Amino acid sequence: MSASSSSSLPLHTTPNFNPSHSSKSTKIKQIQSFKPTHKLHEEKQLQSKSYFHQISSLCKQSQIKEAITLLTEMDFKNVQIGPEIYGEILQGCVYERALSTGQQIHSRILKNGWFYSKNEYIETKLVIFYAKCDLLNVANQLFDKLEKKNVFTWAAIIGLCCRMGSNEKALTGFNDMHQNGFFPDNFVIPNALKACSALQMIGFGKGVHGYALKMGYNSCVFVSSSLVDMYGKCGLLEDAKKVFDEIVDRNVVTWNSMIVSYAQNGMDEEALKVFYCMRMVDVEPTRVTVASFLSAAANVEAVDEGRQGHAIAVLSGLVFDNILGSSLINFYSKIGSIEESELVFSNMVEKDVVTWNLLISGYVQQGKIEDALDSCRLMRSENFGFDLVTLTTILSASTKVRNVELGKECHGYCIRNNLDSDVVVANSIIEMYGKCESTDKARRVFEKTIQKDLTLWNTLIAAYAESGLSGEALKLFYQMQLEGVPPNVVSWNSVILGFLRNGQVTEAENIFSEMQCMEIQPNLITWTSLISGLAQNGHGDRAIRYFKEMQIRGLQPNTVSIISLLSACINISSLEFGKAIHGYITRRQLFSSLSIVTSLVDMYAKCGNLCLARKFYDMVNYNELPVYNAMISGYSSHGQAGEAFEVFNRMQNEKIEPDEITFTGLLSACDHAGLVEKGLQVFNDMICEYRMKPSMHHYGCMVSLLSRCGNLEEALRFVLEMPIEPDAQILGSILSACKEQNKIELGEYLSQYLFKLEPDNSGNYVALSNTYAAAGRWDEVLKLRNIMKEKKLRKNPGCS
């Protein structure tokens with residue numbers, strides 16, 4: 001039934017006359033009486049149409065309230081309200097997402113009876129309305145009750161399923177729609193492709209692509225852009241690029257799809273190139289464009305390009321909302337410009353939790369923990385609650401600075417807000433306690449976590465391993481398998497690290513062999529840990545052997561591996577292999593790493609070739625403190641105090657501030673060269689001029705210097721005035737000096753203390769034995785030698 005016929009129903013009456021008795025005059029009267037009724041009907045129709053046009057216009061202008069006022073007026077004037085008027089108002093509610101108003105209209109429709117509620121046009125509008133308002137259950141109920149479904153209702157439901165994350169239902173709807181004889185159009189196809197990308201169903205996506213080609217929708221820019229996006233999110237960049245290249249009339253959405261596809265798949269340089277191509281054809285960027293470009297620039301540390309992106313956003317008049325502002329904060333944080341992150345943050349129109357988290361994370365990455373905590377307090381004062389990202393960032397900060405108290409506060413917040421059960425948060429808490437050497441607390445958190453996944457197990461094993469508790473780490477490794485969680489390469493690496501930290505080199509190598517027998521391929525971290533651990537435990541030759549094996553297997557060493565190898569060369573005094581590593585570094589062009597350059601200078605100096613160390617030092621362009629420290633330390637170990645101070649003076653001319661390592665090298669140089677006055681001056685300058693608190697190493701150098709030069713009383717005074725307990729090395733220096741000054745009683749007193757402190761150090765027994773020998777007390781010498789035999793202690797032979 002049409003809308004016009006329905007509007008005339010109440011006025012359509014039958015004339016009351018009998019044709020058999022009618023006369024001509026009677027007929028005339030009847031006709032005259034009928035004309036006003038017909039005229040009234042026409043007037044009502046015109047009035048209804050006028051109201052319809054007014055309501056339609058108001059709805060399109062987002063004036064829903066005014067439209068409802070006219071609807072009420074129609075009711076009051078008894079003007080027939082057709083389905084098309086309700087449809088217009090529902091459409092207006094869709095534009096404004098006016099859920100409450102739309103529900104009121106729905107109630108009116110139901111009150112007016114089945115003629116309205118079962119009208120196909122109104123039913124369609126109701127499904128679309130509830131779908132656009134994201135009421136999935138209501139929209140589905142209305143859709144299921146439809147006697148006649150059409151393209152519009154199918155499109156509304158499929159689009160709603162996509163938005164609500166019900167991607168499987170969206171694709172089922174796409175199939176059902178087609179099977180029921182309705183052909184998905186260029187509005188439905190993009191939603192189906194979006195669902196395919198969310199589910200990573202590339203096969204289905206290719207099927208939709210084929211359908212689009214068959215129906216001729218490939219020329220539609222919206223469909224083509226969705227295809228680029230789908231292929232990009234499924235990792236098929238070549239297919240995405242092929243579709244992109246075939247698009248003749250590209251709009252900004254198409255360009256965005258290609259840029260985002262490259263950026264999300266780690267092809268950042270390609271993303272930057274596409275952005276520049278887009279600029280060349282004068283397509284104005286959107287927030288999404290610039291945000292994706294900034295993300296790519298941040299990942300490859302393209303500083304200039306990122307700043308240009310910022311400038312383009314400003315010149316284009318883009319609003320610094322959450323999307324664009326967050327991207328800029330992320331970019332500046334990653335390139336280390338935290339001040340500019342702060343500036344962007346302060347100029348943002350609105351801020352959300354994500355924005356705050358990015359700023360806090362940027363502070364933590366730069367080591368500005370106090371600023372991060374201040375931001376957390378400010379965030380709370382502005383009524384933003386911490387989410388899981390905020391908490392894991394704060395926990396990361398406490399881990400970074402080993403601040404267990406801060407970690408405990410964060411842990412308490414998690415418990416109070418029932419967030420400690422989240423696996424990610426629990427993992428961060430365990431890691432924090434592990435790094436802060438509170439393995440017992442880490443274990444308690446682990447035990448209370450209900451869902452223990454592989455990551456959680458690995459974090460706890462790593463906590464024990466890094467603390468050198470290799471036995472506990474191994475127990476957890478086996479317990480994990482008994483509870484049905486198979487270990488991965490990370491698990492094996494932690495167990496190996498635990499043994500190496502505890503000096504159990506053989507056990508570490510056994511686990512390494514067992515790992516390969518289980519067909520778990522060692523990764524770069526495995527090899528690096530093994531090489532580094534062996535070098536640190538004095539097994540340089542074995543570290544070099546594993547490095548050679550690693551190269552045979554085709555793995556390229558990283559910076560840590562190379563530094564560990566250079567350390568191994570120092571350990572076995574292998575200048576030849578050190579030169580070979582230098583050659584490898586040159587071939588691979590790894591001189592951009594400051595730590596590698598520093599290690600090379602250190603290796604040449606400690607392997608006895610100061611000329612090569614100085615030559616390499618003069619060649620490098622680094623005016624950085626670590627390189628200067630390495631050269632000072634090299635001269636110091638060779639007793640060339642003058643050259644060490646010459647490097648120090650050069651460093652001061654370059655306005656480079658010294659650190660504790662610098663002064664250790666200078667004091668050690670004075671110690672080896674016997675420069676007492678110079679040593680005292682350096683020690684005094686370190687405290688008074690540079691405001692540094694001396695460490696055990698600094699005190700050790702001074703005590704050794706004074707003891708060697710015969711100032712035993714001064715050395716003792718130095719020890720007594722130290723604010724910290726002396727270690728075995730300091731007491732050993734005084735014990736060695738007792739021989740020269742015939743201080744037998746002092747030597748005996750110190751040795752008794754040292755025997756308890758280092759029961760297996762043969763050097764302490766030898767030092768006391770030499771003191772007795774110098775005084776001619778050979779019986780005491782013989783007793784000490786017998787004790788050493790009983791304890792199976794042997795004098796370590798000296799080497800050059």
# chains A, B, ... in the order shown; residues from 1 in each chain; ligands from 1
>>> residues_around(residues="Trp114 of chain A", least_positions_apart="6", cutoff="12 Å", atoms="only C-alpha atoms", output="PyMOL selection string")
chain A and resi 83+108+120+122-123
>>> residues_around(residues="Gly679 of chain A", least_positions_apart="6", cutoff="10 Å", atoms="only C-alpha atoms", output="list of chain:residue names")
A:Phe663, A:Leu666, A:Leu667, A:Ser668, A:Ala669, A:Cys670, A:Asp671, A:Ala673, A:Asp685, A:Cys701, A:Met702, A:Leu705, A:Leu706
>>> residues_around(residues="Leu70 of chain A", least_positions_apart="4", cutoff="12 Å", atoms="only C-alpha atoms", output="JSON, numbers by chain")
{"A": [47, 48, 50, 51, 52, 53, 54, 55, 56, 57, 58, 59, 63, 64, 65, 66, 74, 75, 76, 77, 79, 81, 85, 86, 89]}
>>> residues_around(residues="Leu135 of chain A", least_positions_apart="4", cutoff="10 Å", atoms="only C-alpha atoms", output="tab-separated table (two decimals) with N, CA and C atoms, in the first residue's frame")
chain	number	residue	atom	x	y	z
A	99	LEU	N	19.99	8.25	20.32
A	99	LEU	CA	19.39	6.96	20.67
A	99	LEU	C	18.06	7.14	21.39
A	127	VAL	N	16.09	-0.98	11.74
A	127	VAL	CA	17.30	-1.83	11.76
A	127	VAL	C	18.54	-0.96	11.56
A	129	PHE	N	18.83	2.26	12.13
A	129	PHE	CA	18.99	3.15	13.29
A	129	PHE	C	19.70	2.44	14.44
A	130	TYR	N	19.21	1.27	14.84
A	130	TYR	CA	19.82	0.55	15.98
A	130	TYR	C	21.22	0.04	15.63
A	131	ALA	N	21.41	-0.30	14.36
A	131	ALA	CA	22.75	-0.74	13.95
A	131	ALA	C	23.75	0.41	14.05
A	139	ALA	N	19.33	-4.66	17.22
A	139	ALA	CA	19.37	-4.66	15.76
A	139	ALA	C	19.20	-6.07	15.21
A	140	ASN	N	19.88	-7.04	15.87
A	140	ASN	CA	19.78	-8.44	15.42
A	140	ASN	C	18.36	-8.98	15.58
A	160	LEU	N	27.58	-3.34	11.39
A	160	LEU	CA	27.52	-3.35	12.86
A	160	LEU	C	28.40	-4.46	13.43
A	164	MET	N	31.60	-3.93	16.03
A	164	MET	CA	31.54	-4.51	17.37
A	164	MET	C	32.53	-5.67	17.55
>>> closest_residue(among="A:Pro486, A:Gly207, A:Gly533, A:Gly309", to="Arg287 of chain A", atoms="only C-alpha atoms")
A:Gly309
>>> residues_around(residues="Arg542 of chain A", least_positions_apart="4", cutoff="12 Å", atoms="only C-alpha atoms", output="PDB file with all heavy atoms, in the first residue's frame")
ATOM      1  N   VAL A 505      80.855 -23.060  34.798  1.00  0.00           N
ATOM      2  CA  VAL A 505      81.063 -23.048  33.348  1.00  0.00           C
ATOM      3  C   VAL A 505      80.735 -24.404  32.728  1.00  0.00           C
ATOM      4  O   VAL A 505      80.068 -24.480  31.687  1.00  0.00           O
ATOM      5  CB  VAL A 505      82.521 -22.647  33.038  1.00  0.00           C
ATOM      6  CG1 VAL A 505      82.818 -22.806  31.557  1.00  0.00           C
ATOM      7  CG2 VAL A 505      82.771 -21.211  33.480  1.00  0.00           C
ATOM      8  N   THR A 506      81.183 -25.487  33.351  1.00  0.00           N
ATOM      9  CA  THR A 506      80.944 -26.837  32.809  1.00  0.00           C
ATOM     10  C   THR A 506      79.454 -27.130  32.718  1.00  0.00           C
ATOM     11  O   THR A 506      78.969 -27.666  31.717  1.00  0.00           O
ATOM     12  CB  THR A 506      81.632 -27.901  33.692  1.00  0.00           C
ATOM     13  OG1 THR A 506      83.015 -27.563  33.810  1.00  0.00           O
ATOM     14  CG2 THR A 506      81.494 -29.290  33.084  1.00  0.00           C
ATOM     15  N   GLU A 509      77.907 -25.297  29.820  1.00  0.00           N
ATOM     16  CA  GLU A 509      78.210 -25.950  28.531  1.00  0.00           C
ATOM     17  C   GLU A 509      77.405 -27.231  28.357  1.00  0.00           C
ATOM     18  O   GLU A 509      76.974 -27.556  27.239  1.00  0.00           O
ATOM     19  CB  GLU A 509      79.704 -26.249  28.444  1.00  0.00           C
ATOM     20  CG  GLU A 509      80.546 -24.989  28.272  1.00  0.00           C
ATOM     21  CD  GLU A 509      82.035 -25.279  28.171  1.00  0.00           C
ATOM     22  OE1 GLU A 509      82.597 -25.839  29.143  1.00  0.00           O
ATOM     23  OE2 GLU A 509      82.624 -24.964  27.129  1.00  0.00           O
ATOM     24  N   LEU A 530      76.931 -17.248  26.268  1.00  0.00           N
ATOM     25  CA  LEU A 530      77.972 -18.254  26.489  1.00  0.00           C
ATOM     26  C   LEU A 530      79.361 -17.644  26.313  1.00  0.00           C
ATOM     27  O   LEU A 530      80.250 -17.835  27.160  1.00  0.00           O
ATOM     28  CB  LEU A 530      77.773 -19.414  25.511  1.00  0.00           C
ATOM     29  CG  LEU A 530      78.480 -20.729  25.840  1.00  0.00           C
ATOM     30  CD1 LEU A 530      78.051 -21.263  27.200  1.00  0.00           C
ATOM     31  CD2 LEU A 530      78.202 -21.774  24.761  1.00  0.00           C
ATOM     32  N   ILE A 531      79.550 -16.903  25.234  1.00  0.00           N
ATOM     33  CA  ILE A 531      80.856 -16.274  24.977  1.00  0.00           C
ATOM     34  C   ILE A 531      81.201 -15.278  26.078  1.00  0.00           C
ATOM     35  O   ILE A 531      82.315 -15.283  26.619  1.00  0.00           O
ATOM     36  CB  ILE A 531      80.839 -15.578  23.591  1.00  0.00           C
ATOM     37  CG1 ILE A 531      80.762 -16.633  22.471  1.00  0.00           C
ATOM     38  CG2 ILE A 531      82.077 -14.709  23.403  1.00  0.00           C
ATOM     39  CD1 ILE A 531      80.388 -16.059  21.118  1.00  0.00           C
ATOM     40  N   SER A 532      80.235 -14.428  26.430  1.00  0.00           N
ATOM     41  CA  SER A 532      80.457 -13.416  27.470  1.00  0.00           C
ATOM     42  C   SER A 532      80.740 -14.066  28.820  1.00  0.00           C
ATOM     43  O   SER A 532      81.664 -13.667  29.538  1.00  0.00           O
ATOM     44  CB  SER A 532      79.232 -12.510  27.564  1.00  0.00           C
ATOM     45  OG  SER A 532      79.383 -11.573  28.584  1.00  0.00           O
ATOM     46  N   GLY A 533      79.931 -15.086  29.172  1.00  0.00           N
ATOM     47  CA  GLY A 533      80.104 -15.768  30.455  1.00  0.00           C
ATOM     48  C   GLY A 533      81.449 -16.462  30.579  1.00  0.00           C
ATOM     49  O   GLY A 533      82.097 -16.405  31.635  1.00  0.00           O
ATOM     50  N   LEU A 534      81.880 -17.102  29.514  1.00  0.00           N
ATOM     51  CA  LEU A 534      83.182 -17.784  29.534  1.00  0.00           C
ATOM     52  C   LEU A 534      84.312 -16.779  29.666  1.00  0.00           C
ATOM     53  O   LEU A 534      85.284 -17.004  30.420  1.00  0.00           O
ATOM     54  CB  LEU A 534      83.354 -18.615  28.259  1.00  0.00           C
ATOM     55  CG  LEU A 534      82.489 -19.877  28.160  1.00  0.00           C
ATOM     56  CD1 LEU A 534      82.499 -20.438  26.751  1.00  0.00           C
ATOM     57  CD2 LEU A 534      82.970 -20.946  29.146  1.00  0.00           C
ATOM     58  N   ALA A 535      84.213 -15.660  28.947  1.00  0.00           N
ATOM     59  CA  ALA A 535      85.252 -14.624  29.034  1.00  0.00           C
ATOM     60  C   ALA A 535      85.334 -14.050  30.448  1.00  0.00           C
ATOM     61  O   ALA A 535      86.421 -13.871  31.004  1.00  0.00           O
ATOM     62  CB  ALA A 535      84.955 -13.517  28.024  1.00  0.00           C
ATOM     63  N   GLN A 536      84.164 -13.784  31.058  1.00  0.00           N
ATOM     64  CA  GLN A 536      84.144 -13.215  32.405  1.00  0.00           C
ATOM     65  C   GLN A 536      84.637 -14.194  33.466  1.00  0.00           C
ATOM     66  O   GLN A 536      85.123 -13.776  34.518  1.00  0.00           O
ATOM     67  CB  GLN A 536      82.720 -12.765  32.742  1.00  0.00           C
ATOM     68  CG  GLN A 536      82.288 -11.525  31.974  1.00  0.00           C
ATOM     69  CD  GLN A 536      80.811 -11.236  32.117  1.00  0.00           C
ATOM     70  OE1 GLN A 536      80.094 -11.902  32.877  1.00  0.00           O
ATOM     71  NE2 GLN A 536      80.311 -10.254  31.371  1.00  0.00           N
ATOM     72  N   ASN A 537      84.498 -15.470  33.193  1.00  0.00           N
ATOM     73  CA  ASN A 537      84.951 -16.485  34.154  1.00  0.00           C
ATOM     74  C   ASN A 537      86.372 -16.967  33.879  1.00  0.00           C
ATOM     75  O   ASN A 537      86.795 -18.000  34.412  1.00  0.00           O
ATOM     76  CB  ASN A 537      83.985 -17.672  34.142  1.00  0.00           C
ATOM     77  CG  ASN A 537      82.715 -17.388  34.927  1.00  0.00           C
ATOM     78  OD1 ASN A 537      82.711 -17.372  36.155  1.00  0.00           O
ATOM     79  ND2 ASN A 537      81.618 -17.116  34.210  1.00  0.00           N
ATOM     80  N   GLY A 538      87.091 -16.216  33.020  1.00  0.00           N
ATOM     81  CA  GLY A 538      88.502 -16.533  32.794  1.00  0.00           C
ATOM     82  C   GLY A 538      88.755 -17.648  31.798  1.00  0.00           C
ATOM     83  O   GLY A 538      89.848 -18.229  31.796  1.00  0.00           O
ATOM     84  N   TYR A 546      83.923 -20.978  20.837  1.00  0.00           N
ATOM     85  CA  TYR A 546      82.478 -20.892  20.580  1.00  0.00           C
ATOM     86  C   TYR A 546      82.159 -19.810  19.545  1.00  0.00           C
ATOM     87  O   TYR A 546      81.223 -19.949  18.754  1.00  0.00           O
ATOM     88  CB  TYR A 546      81.717 -20.622  21.882  1.00  0.00           C
ATOM     89  CG  TYR A 546      81.485 -21.866  22.700  1.00  0.00           C
ATOM     90  CD1 TYR A 546      82.139 -22.058  23.919  1.00  0.00           C
ATOM     91  CD2 TYR A 546      80.628 -22.871  22.259  1.00  0.00           C
ATOM     92  CE1 TYR A 546      81.931 -23.200  24.677  1.00  0.00           C
ATOM     93  CE2 TYR A 546      80.419 -24.014  23.006  1.00  0.00           C
ATOM     94  CZ  TYR A 546      81.073 -24.178  24.217  1.00  0.00           C
ATOM     95  OH  TYR A 546      80.870 -25.327  24.952  1.00  0.00           O
ATOM     96  N   PHE A 547      82.958 -18.740  19.555  1.00  0.00           N
ATOM     97  CA  PHE A 547      82.742 -17.686  18.556  1.00  0.00           C
ATOM     98  C   PHE A 547      82.972 -18.227  17.144  1.00  0.00           C
ATOM     99  O   PHE A 547      82.202 -17.943  16.218  1.00  0.00           O
ATOM    100  CB  PHE A 547      83.690 -16.515  18.825  1.00  0.00           C
ATOM    101  CG  PHE A 547      83.687 -15.471  17.740  1.00  0.00           C
ATOM    102  CD1 PHE A 547      82.590 -14.647  17.553  1.00  0.00           C
ATOM    103  CD2 PHE A 547      84.779 -15.324  16.886  1.00  0.00           C
ATOM    104  CE1 PHE A 547      82.577 -13.690  16.549  1.00  0.00           C
ATOM    105  CE2 PHE A 547      84.762 -14.371  15.884  1.00  0.00           C
ATOM    106  CZ  PHE A 547      83.670 -13.555  15.709  1.00  0.00           C
ATOM    107  N   LYS A 548      84.027 -19.023  16.990  1.00  0.00           N
ATOM    108  CA  LYS A 548      84.321 -19.615  15.685  1.00  0.00           C
ATOM    109  C   LYS A 548      83.184 -20.550  15.251  1.00  0.00           C
ATOM    110  O   LYS A 548      82.770 -20.547  14.090  1.00  0.00           O
ATOM    111  CB  LYS A 548      85.646 -20.381  15.740  1.00  0.00           C
ATOM    112  CG  LYS A 548      86.861 -19.470  15.876  1.00  0.00           C
ATOM    113  CD  LYS A 548      88.145 -20.287  16.020  1.00  0.00           C
ATOM    114  CE  LYS A 548      89.364 -19.375  16.148  1.00  0.00           C
ATOM    115  NZ  LYS A 548      90.601 -20.155  16.382  1.00  0.00           N
ATOM    116  N   GLU A 549      82.669 -21.340  16.208  1.00  0.00           N
ATOM    117  CA  GLU A 549      81.563 -22.255  15.909  1.00  0.00           C
ATOM    118  C   GLU A 549      80.303 -21.476  15.517  1.00  0.00           C
ATOM    119  O   GLU A 549      79.563 -21.867  14.605  1.00  0.00           O
ATOM    120  CB  GLU A 549      81.280 -23.140  17.123  1.00  0.00           C
ATOM    121  CG  GLU A 549      80.297 -24.252  16.843  1.00  0.00           C
ATOM    122  CD  GLU A 549      80.019 -25.113  18.059  1.00  0.00           C
ATOM    123  OE1 GLU A 549      80.866 -25.150  18.994  1.00  0.00           O
ATOM    124  OE2 GLU A 549      78.947 -25.746  18.088  1.00  0.00           O
ATOM    125  N   SER A 564      82.667  -8.947  24.308  1.00  0.00           N
ATOM    126  CA  SER A 564      83.033 -10.117  25.118  1.00  0.00           C
ATOM    127  C   SER A 564      84.269 -10.809  24.545  1.00  0.00           C
ATOM    128  O   SER A 564      85.138 -11.275  25.291  1.00  0.00           O
ATOM    129  CB  SER A 564      81.866 -11.111  25.167  1.00  0.00           C
ATOM    130  OG  SER A 564      80.739 -10.515  25.754  1.00  0.00           O
ATOM    131  N   LEU A 565      84.356 -10.872  23.216  1.00  0.00           N
ATOM    132  CA  LEU A 565      85.516 -11.499  22.568  1.00  0.00           C
ATOM    133  C   LEU A 565      86.787 -10.698  22.847  1.00  0.00           C
ATOM    134  O   LEU A 565      87.846 -11.275  23.125  1.00  0.00           O
ATOM    135  CB  LEU A 565      85.295 -11.572  21.059  1.00  0.00           C
ATOM    136  CG  LEU A 565      84.457 -12.736  20.561  1.00  0.00           C
ATOM    137  CD1 LEU A 565      84.122 -12.542  19.100  1.00  0.00           C
ATOM    138  CD2 LEU A 565      85.197 -14.052  20.757  1.00  0.00           C
ATOM    139  N   ALA A 568      87.863 -11.510  26.127  1.00  0.00           N
ATOM    140  CA  ALA A 568      88.511 -12.830  26.141  1.00  0.00           C
ATOM    141  C   ALA A 568      89.962 -12.712  25.688  1.00  0.00           C
ATOM    142  O   ALA A 568      90.858 -13.393  26.221  1.00  0.00           O
ATOM    143  CB  ALA A 568      87.744 -13.787  25.233  1.00  0.00           C
ATOM    144  N   CYS A 569      90.217 -11.860  24.695  1.00  0.00           N
ATOM    145  CA  CYS A 569      91.590 -11.638  24.216  1.00  0.00           C
ATOM    146  C   CYS A 569      92.468 -11.084  25.335  1.00  0.00           C
ATOM    147  O   CYS A 569      93.640 -11.467  25.482  1.00  0.00           O
ATOM    148  CB  CYS A 569      91.593 -10.675  23.026  1.00  0.00           C
ATOM    149  SG  CYS A 569      90.770 -11.328  21.576  1.00  0.00           S
ATOM    150  N   ASN A 571      91.894 -11.573  28.496  1.00  0.00           N
ATOM    151  CA  ASN A 571      91.991 -12.639  29.485  1.00  0.00           C
ATOM    152  C   ASN A 571      93.140 -13.597  29.191  1.00  0.00           C
ATOM    153  O   ASN A 571      93.827 -14.061  30.101  1.00  0.00           O
ATOM    154  CB  ASN A 571      90.652 -13.385  29.519  1.00  0.00           C
ATOM    155  CG  ASN A 571      90.609 -14.464  30.562  1.00  0.00           C
ATOM    156  OD1 ASN A 571      90.782 -15.627  30.243  1.00  0.00           O
ATOM    157  ND2 ASN A 571      90.395 -14.078  31.813  1.00  0.00           N
ATOM    158  N   ILE A 572      93.333 -13.911  27.907  1.00  0.00           N
ATOM    159  CA  ILE A 572      94.410 -14.871  27.545  1.00  0.00           C
ATOM    160  C   ILE A 572      95.601 -14.168  26.906  1.00  0.00           C
ATOM    161  O   ILE A 572      96.500 -14.808  26.357  1.00  0.00           O
ATOM    162  CB  ILE A 572      93.878 -15.963  26.593  1.00  0.00           C
ATOM    163  CG1 ILE A 572      93.318 -15.347  25.294  1.00  0.00           C
ATOM    164  CG2 ILE A 572      92.804 -16.798  27.276  1.00  0.00           C
ATOM    165  CD1 ILE A 572      92.925 -16.377  24.243  1.00  0.00           C
TER     166      ILE A 572
END
>>> atom_distance(atom1="atom CA of Thr124 of chain A", atom2="atom CA of Lys149 of chain A")
8.1 Å
>>> atom_distance(atom1="atom CA of Ile496 of chain A", atom2="atom CA of Phe512 of chain A")
7.0 Å
>>> atom_distance(atom1="atom CA of Met515 of chain A", atom2="atom CA of Trp492 of chain A")
7.0 Å
>>> select_by_dssp(residues="segment 554-653 of chain A", states="alpha helix (DSSP H)", output="number ranges by chain")
A: 559-571, 575-588, 594-606, 610-619, 625-637, 641-653
>>> write_last_selection(atoms="C-alpha atoms", output="mmCIF file, in the first residue's frame")
data_model
loop_
_atom_site.group_PDB
_atom_site.id
_atom_site.type_symbol
_atom_site.label_atom_id
_atom_site.label_comp_id
_atom_site.auth_asym_id
_atom_site.auth_seq_id
_atom_site.Cartn_x
_atom_site.Cartn_y
_atom_site.Cartn_z
ATOM 1 C CA THR A 559 78.046 -5.595 19.788
ATOM 2 C CA VAL A 560 77.904 -7.526 23.091
ATOM 3 C CA SER A 561 79.475 -10.601 21.458
ATOM 4 C CA ILE A 562 82.365 -8.586 20.027
ATOM 5 C CA ILE A 563 83.030 -6.756 23.307
ATOM 6 C CA SER A 564 83.033 -10.117 25.118
ATOM 7 C CA LEU A 565 85.516 -11.499 22.568
ATOM 8 C CA LEU A 566 87.849 -8.540 23.078
ATOM 9 C CA SER A 567 87.566 -9.183 26.815
ATOM 10 C CA ALA A 568 88.511 -12.830 26.141
ATOM 11 C CA CYS A 569 91.590 -11.638 24.216
ATOM 12 C CA ILE A 570 92.632 -9.606 27.273
ATOM 13 C CA ASN A 571 91.991 -12.639 29.485
ATOM 14 C CA LEU A 575 97.093 -9.864 20.769
ATOM 15 C CA GLU A 576 96.944 -11.952 17.588
ATOM 16 C CA PHE A 577 93.280 -12.843 17.970
ATOM 17 C CA GLY A 578 92.529 -9.290 19.100
ATOM 18 C CA LYS A 579 93.904 -8.034 15.799
ATOM 19 C CA ALA A 580 91.727 -10.576 13.975
ATOM 20 C CA ILE A 581 88.647 -9.218 15.764
ATOM 21 C CA HIS A 582 89.778 -5.692 14.830
ATOM 22 C CA GLY A 583 89.859 -6.809 11.193
ATOM 23 C CA TYR A 584 86.362 -8.281 11.512
ATOM 24 C CA ILE A 585 85.091 -4.989 12.974
ATOM 25 C CA THR A 586 86.680 -3.064 10.087
ATOM 26 C CA ARG A 587 85.122 -5.337 7.440
ATOM 27 C CA ARG A 588 81.692 -5.065 9.051
ATOM 28 C CA LEU A 594 81.356 3.698 21.039
ATOM 29 C CA SER A 595 81.576 0.597 23.261
ATOM 30 C CA ILE A 596 83.412 -1.367 20.528
ATOM 31 C CA VAL A 597 85.909 1.460 19.963
ATOM 32 C CA THR A 598 86.523 1.699 23.715
ATOM 33 C CA SER A 599 87.017 -2.077 24.001
ATOM 34 C CA LEU A 600 89.552 -2.060 21.132
ATOM 35 C CA VAL A 601 91.667 0.623 22.835
ATOM 36 C CA ASP A 602 91.427 -1.337 26.096
ATOM 37 C CA MET A 603 92.348 -4.637 24.378
ATOM 38 C CA TYR A 604 95.498 -3.258 22.687
ATOM 39 C CA ALA A 605 96.661 -1.597 25.901
ATOM 40 C CA LYS A 606 96.086 -4.625 28.128
ATOM 41 C CA LEU A 610 100.436 0.594 23.862
ATOM 42 C CA CYS A 611 101.624 1.922 20.500
ATOM 43 C CA LEU A 612 98.704 0.274 18.669
ATOM 44 C CA ALA A 613 96.304 1.376 21.407
ATOM 45 C CA ARG A 614 97.472 5.001 21.038
ATOM 46 C CA LYS A 615 97.462 4.805 17.248
ATOM 47 C CA PHE A 616 93.865 3.573 17.197
ATOM 48 C CA TYR A 617 92.900 6.119 19.875
ATOM 49 C CA ASP A 618 94.283 8.954 17.710
ATOM 50 C CA MET A 619 92.460 7.621 14.618
ATOM 51 C CA LEU A 625 84.630 9.916 28.050
ATOM 52 C CA PRO A 626 84.802 6.070 27.740
ATOM 53 C CA VAL A 627 87.557 6.265 25.058
ATOM 54 C CA TYR A 628 89.627 8.642 27.201
ATOM 55 C CA ASN A 629 89.154 6.379 30.223
ATOM 56 C CA ALA A 630 90.346 3.336 28.256
ATOM 57 C CA MET A 631 93.528 5.135 27.177
ATOM 58 C CA ILE A 632 94.235 6.474 30.686
ATOM 59 C CA SER A 633 93.722 2.965 32.096
ATOM 60 C CA GLY A 634 96.079 1.531 29.446
ATOM 61 C CA TYR A 635 98.886 3.930 30.311
ATOM 62 C CA SER A 636 98.212 3.355 33.999
ATOM 63 C CA SER A 637 98.609 -0.420 33.769
ATOM 64 C CA ALA A 641 101.793 8.066 34.573
ATOM 65 C CA GLY A 642 102.996 11.036 32.514
ATOM 66 C CA GLU A 643 101.185 9.841 29.389
ATOM 67 C CA ALA A 644 98.059 9.055 31.436
ATOM 68 C CA PHE A 645 97.947 12.635 32.753
ATOM 69 C CA GLU A 646 98.641 13.980 29.257
ATOM 70 C CA VAL A 647 95.432 12.235 28.055
ATOM 71 C CA PHE A 648 93.597 13.584 31.112
ATOM 72 C CA ASN A 649 94.699 17.145 30.304
ATOM 73 C CA ARG A 650 93.543 16.714 26.708
ATOM 74 C CA MET A 651 90.190 15.510 28.020
ATOM 75 C CA GLN A 652 89.876 18.600 30.206
ATOM 76 C CA ASN A 653 90.669 20.847 27.231
#
>>> residues_around(residues="Val353 of chain A", least_positions_apart="6", cutoff="9 Å", atoms="only C-alpha atoms", output="list in words")
Met379, Phe384, Gly385, Phe386, Asp387 and Thr390 of chain A
>>> closest_residue(among="A:Val188, A:Ala297, A:Val703, A:Leu90", to="Glu721 of chain A", atoms="only C-alpha atoms")
A:Val703
